[in-house]
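Undergrad: One structure is given below, represented as C-alpha cells, and several questions about it will come after.
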Amino acid sequence: MSHLVTLRGSGLSFAAAHFATFGGDCEPLHGHNYRLTVEIAGGLTDDSWVIDFREAKTLVRSICRELDHKFLLQENSRFLRVSLVADEYEITFGSRRYVMPKGDVAALPIDNSTAERLAEWLAARIAAALSAAGAANLSSVRVGVEEAPGQAGWSTLESNPAAAGPD
Ligand SMILES: [Zn+2]
C-alpha cells in the first residue's frame, strides 16, 4: 500500500525569467510567478507518516530559492548557443544576443525551459534531497509547475518503487 502527501502554498514558488524555444523559434524574454504542487508517495514510517510536512516544505522552499529571481537557462538547448566566459553567460539565438552575470542565471541541465522540464528537474532535485535527508520509504515524487493560473506542467519521478511497503 502506498500513501501520498501533497505540498502547496507558502514559499513553494519562485519568480523567474526565461524564454522557451519551440519549432526552431524562440519566445521573447518574459517571466512567470511559478507555483509548485509537490506530491510525495511512499510507505508509512513507524510513526505512520510518509514524510514530515515541515521538513519537506523547508527542503522544497530552499530549492525554489535557487531559482527565485533568476534567468532559467536551458543549458542543453539544441537551439541556443550558450557559453560561459569570465563569469558571464552569453546566450545567442539567431541575431539575438544576451549577456548575463553568472549570478543572475540558474543554469539547468535541460533542453528547454518548459514547465514540464522544470517539473522534471525539480522532481529529481526534491527526490535527491529527500533521500539525502534519510527518507528511504518514498516511491515517487510528482511535481506540478504552474506558470500561470490553470496552466501547469507535471513530471513524476519513480524514485524507488520498491519502497511502498506491504502495510
Ligand atoms: Zn514562459
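Labeling convention for the C-alpha cells: chains A, B, ... as they appear, residues from 1 per chain, ligands from 1 in order of appearance.
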Write as an NGL selection string the residues around ligand 1, taking 10 Å as the cut-off and counting only C-alpha atoms and all ligand atoms.

TA: :A and (16-21 or 27-34 or 113-115 or 147-148)

Undergrad: Which parts of chain A does DSSP call strand (DSSP E or B) when run on the backbone here, written out as a VMD selection string?

TA: chain A and resid 3 to 18 21 to 22 25 to 26 30 to 42 70 to 74 81 to 85 88 to 93 96 to 101 105 to 108 138 to 148 151 to 157

Undergrad: Here is a test: counting only C-alpha atoms, which residue of A:Arg81, A:Lys70, A:Arg125, A:Arg97 is nearest to Asp111 of chain A?

TA: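 Once distances to Asp111 of chain A are computed over only C-alpha atoms, the minimum belongs to A:Arg81.
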
Undergrad: Go through segment 2-29 of chain A and flag each residue having an atom no more than 10 Å from segment 49-58 of chain A; for those, report the closest pair of atoms plus their distance in Å to one decimal, using only C-alpha atoms, ordered by chain and rising number, as a Markdown table.

TA:
| residue | atom | partner | partner_atom | distance |
| --- | --- | --- | --- | --- |
| A:Ser2 | CA | A:Val50 | CA | 9.0 |
| A:His3 | CA | A:Val50 | CA | 6.7 |
| A:Leu4 | CA | A:Val50 | CA | 7.0 |
| A:Val5 | CA | A:Val50 | CA | 6.9 |
| A:Thr6 | CA | A:Phe53 | CA | 8.7 |
| A:Leu7 | CA | A:Lys57 | CA | 7.0 |
| A:Arg8 | CA | A:Lys57 | CA | 8.6 |
| A:Gly9 | CA | A:Lys57 | CA | 9.5 |
| A:Ser10 | CA | A:Lys57 | CA | 9.0 |
| A:Gly11 | CA | A:Lys57 | CA | 8.3 |
| A:Leu12 | CA | A:Lys57 | CA | 7.5 |

Undergrad: Can you tell me, as JSON, numbers by chain, what residues are no more than 12 Å from Asn76 of chain A when counting only C-alpha atoms, ignoring any on the same chain fewer than 2 positions away?

TA: {"A": [21, 72, 73, 74, 78, 79, 80, 81, 82, 83, 91, 107, 108, 109, 110, 111, 112, 113, 117]}

Undergrad: Keeping only N, CA and C atoms, take the residues you just selected and write them out as a JSON list (two decimals), in the first residue's frame.

TA:
[["chain", "number", "residue", "atom", "x", "y", "z"],
["A", 21, "THR", "N", 12.15, 27.66, -26.36],
["A", 21, "THR", "CA", 12.19, 27.55, -27.81],
["A", 21, "THR", "C", 11.06, 26.61, -28.24],
["A", 72, "LEU", "N", 16.18, 31.46, -16.08],
["A", 72, "LEU", "CA", 16.24, 30.00, -16.17],
["A", 72, "LEU", "C", 16.83, 29.62, -17.53],
["A", 73, "LEU", "N", 18.05, 29.12, -17.48],
["A", 73, "LEU", "CA", 18.76, 28.82, -18.73],
["A", 73, "LEU", "C", 18.74, 27.31, -19.01],
["A", 74, "GLN", "N", 18.22, 26.96, -20.17],
["A", 74, "GLN", "CA", 18.25, 25.57, -20.62],
["A", 74, "GLN", "C", 19.63, 25.32, -21.24],
["A", 78, "ARG", "N", 19.10, 22.74, -27.96],
["A", 78, "ARG", "CA", 19.59, 22.44, -29.30],
["A", 78, "ARG", "C", 19.58, 23.71, -30.16],
["A", 79, "PHE", "N", 18.95, 24.76, -29.66],
["A", 79, "PHE", "CA", 18.73, 25.94, -30.50],
["A", 79, "PHE", "C", 19.46, 27.19, -30.00],
["A", 80, "LEU", "N", 19.79, 27.24, -28.71],
["A", 80, "LEU", "CA", 20.50, 28.40, -28.18],
["A", 80, "LEU", "C", 21.99, 28.09, -28.16],
["A", 81, "ARG", "N", 22.81, 29.09, -28.45],
["A", 81, "ARG", "CA", 24.25, 28.92, -28.26],
["A", 81, "ARG", "C", 24.60, 29.52, -26.92],
["A", 82, "VAL", "N", 25.17, 28.71, -26.06],
["A", 82, "VAL", "CA", 25.44, 29.14, -24.69],
["A", 82, "VAL", "C", 26.93, 29.01, -24.41],
["A", 83, "SER", "N", 27.52, 30.08, -23.89],
["A", 83, "SER", "CA", 28.90, 29.96, -23.43],
["A", 83, "SER", "C", 29.06, 30.75, -22.13],
["A", 91, "ILE", "N", 24.35, 34.15, -24.40],
["A", 91, "ILE", "CA", 23.32, 33.29, -24.98],
["A", 91, "ILE", "C", 22.89, 33.92, -26.29],
["A", 107, "ALA", "N", 21.46, 27.93, -14.33],
["A", 107, "ALA", "CA", 21.77, 27.09, -15.50],
["A", 107, "ALA", "C", 21.34, 25.67, -15.18],
["A", 108, "LEU", "N", 20.38, 25.17, -15.95],
["A", 108, "LEU", "CA", 19.80, 23.86, -15.65],
["A", 108, "LEU", "C", 20.13, 22.89, -16.78],
["A", 109, "PRO", "N", 20.41, 21.63, -16.45],
["A", 109, "PRO", "CA", 20.77, 20.64, -17.47],
["A", 109, "PRO", "C", 19.53, 20.10, -18.18],
["A", 110, "ILE", "N", 18.82, 20.99, -18.83],
["A", 110, "ILE", "CA", 17.58, 20.62, -19.54],
["A", 110, "ILE", "C", 17.67, 21.18, -20.96],
["A", 111, "ASP", "N", 16.85, 20.65, -21.87],
["A", 111, "ASP", "CA", 16.92, 21.08, -23.27],
["A", 111, "ASP", "C", 16.01, 22.26, -23.56],
["A", 112, "ASN", "N", 15.05, 22.52, -22.65],
["A", 112, "ASN", "CA", 14.14, 23.63, -22.87],
["A", 112, "ASN", "C", 13.52, 24.02, -21.54],
["A", 113, "SER", "N", 13.24, 25.31, -21.35],
["A", 113, "SER", "CA", 12.73, 25.76, -20.05],
["A", 113, "SER", "C", 11.20, 25.75, -20.05],
["A", 117, "ARG", "N", 9.74, 20.43, -18.27],
["A", 117, "ARG", "CA", 11.14, 20.15, -17.95],
["A", 117, "ARG", "C", 11.53, 20.73, -16.59]]

Undergrad: Of the candidates A:Thr37, A:Gln151, A:Ser48, A:Ser13, which shows the shortest atom-to-atom distance to Ile63 of chain A, using only C-alpha atoms?

TA: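 Smallest distance to Ile63 of chain A is found for A:Ser13.
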
Undergrad: Quick one: pull the distance between atom CA of Glu66 of chain A and atom CA of Glu146 of chain A, Å, one decimal.

TA: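 Interatomic distance, atom CA of Glu66 of chain A to atom CA of Glu146 of chain A: 17.2 Å.
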
Undergrad: Work out how far atom CA of Arg61 of chain A is from atom CA of Leu157 of chain A, in Å to one decimal.

TA: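 Interatomic distance here is 18.8 Å.
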
Undergrad: For atom CA of Thr92 of chain A and atom CA of Arg35 of chain A, quote the distance in Å rounded to one decimal.

TA: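 Taking atom CA of Thr92 of chain A and atom CA of Arg35 of chain A, their separation equals 28.3 Å.
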
Undergrad: Between A:Ala41, A:Ala106, A:Leu84, A:Ala152, which has the minimum distance to Ala127 of chain A (counting only C-alpha atoms)?

TA: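 Of the candidates, the smallest distance to Ala127 of chain A is held by A:Ala41.
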
Undergrad: So which one's closest to Leu130 of chain A, A:Leu59, A:Leu67, A:Val99, A:Ala86? Using only C-alpha atoms, please.

TA: A:Leu59

Undergrad: May I ask which of the residues A:Cys64, A:Ala124, A:Val38, A:Val105 is the closest one to Val143 of chain A, counting only C-alpha atoms?

TA: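 Closest candidate: A:Val38.
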
Undergrad: Would you return as a ChimeraX atom specification the members of chain A that DSSP assigns to helix (DSSP H, G or I) on this structure's backbone?

TA: /A:53-67,102-104,115-132,161-163
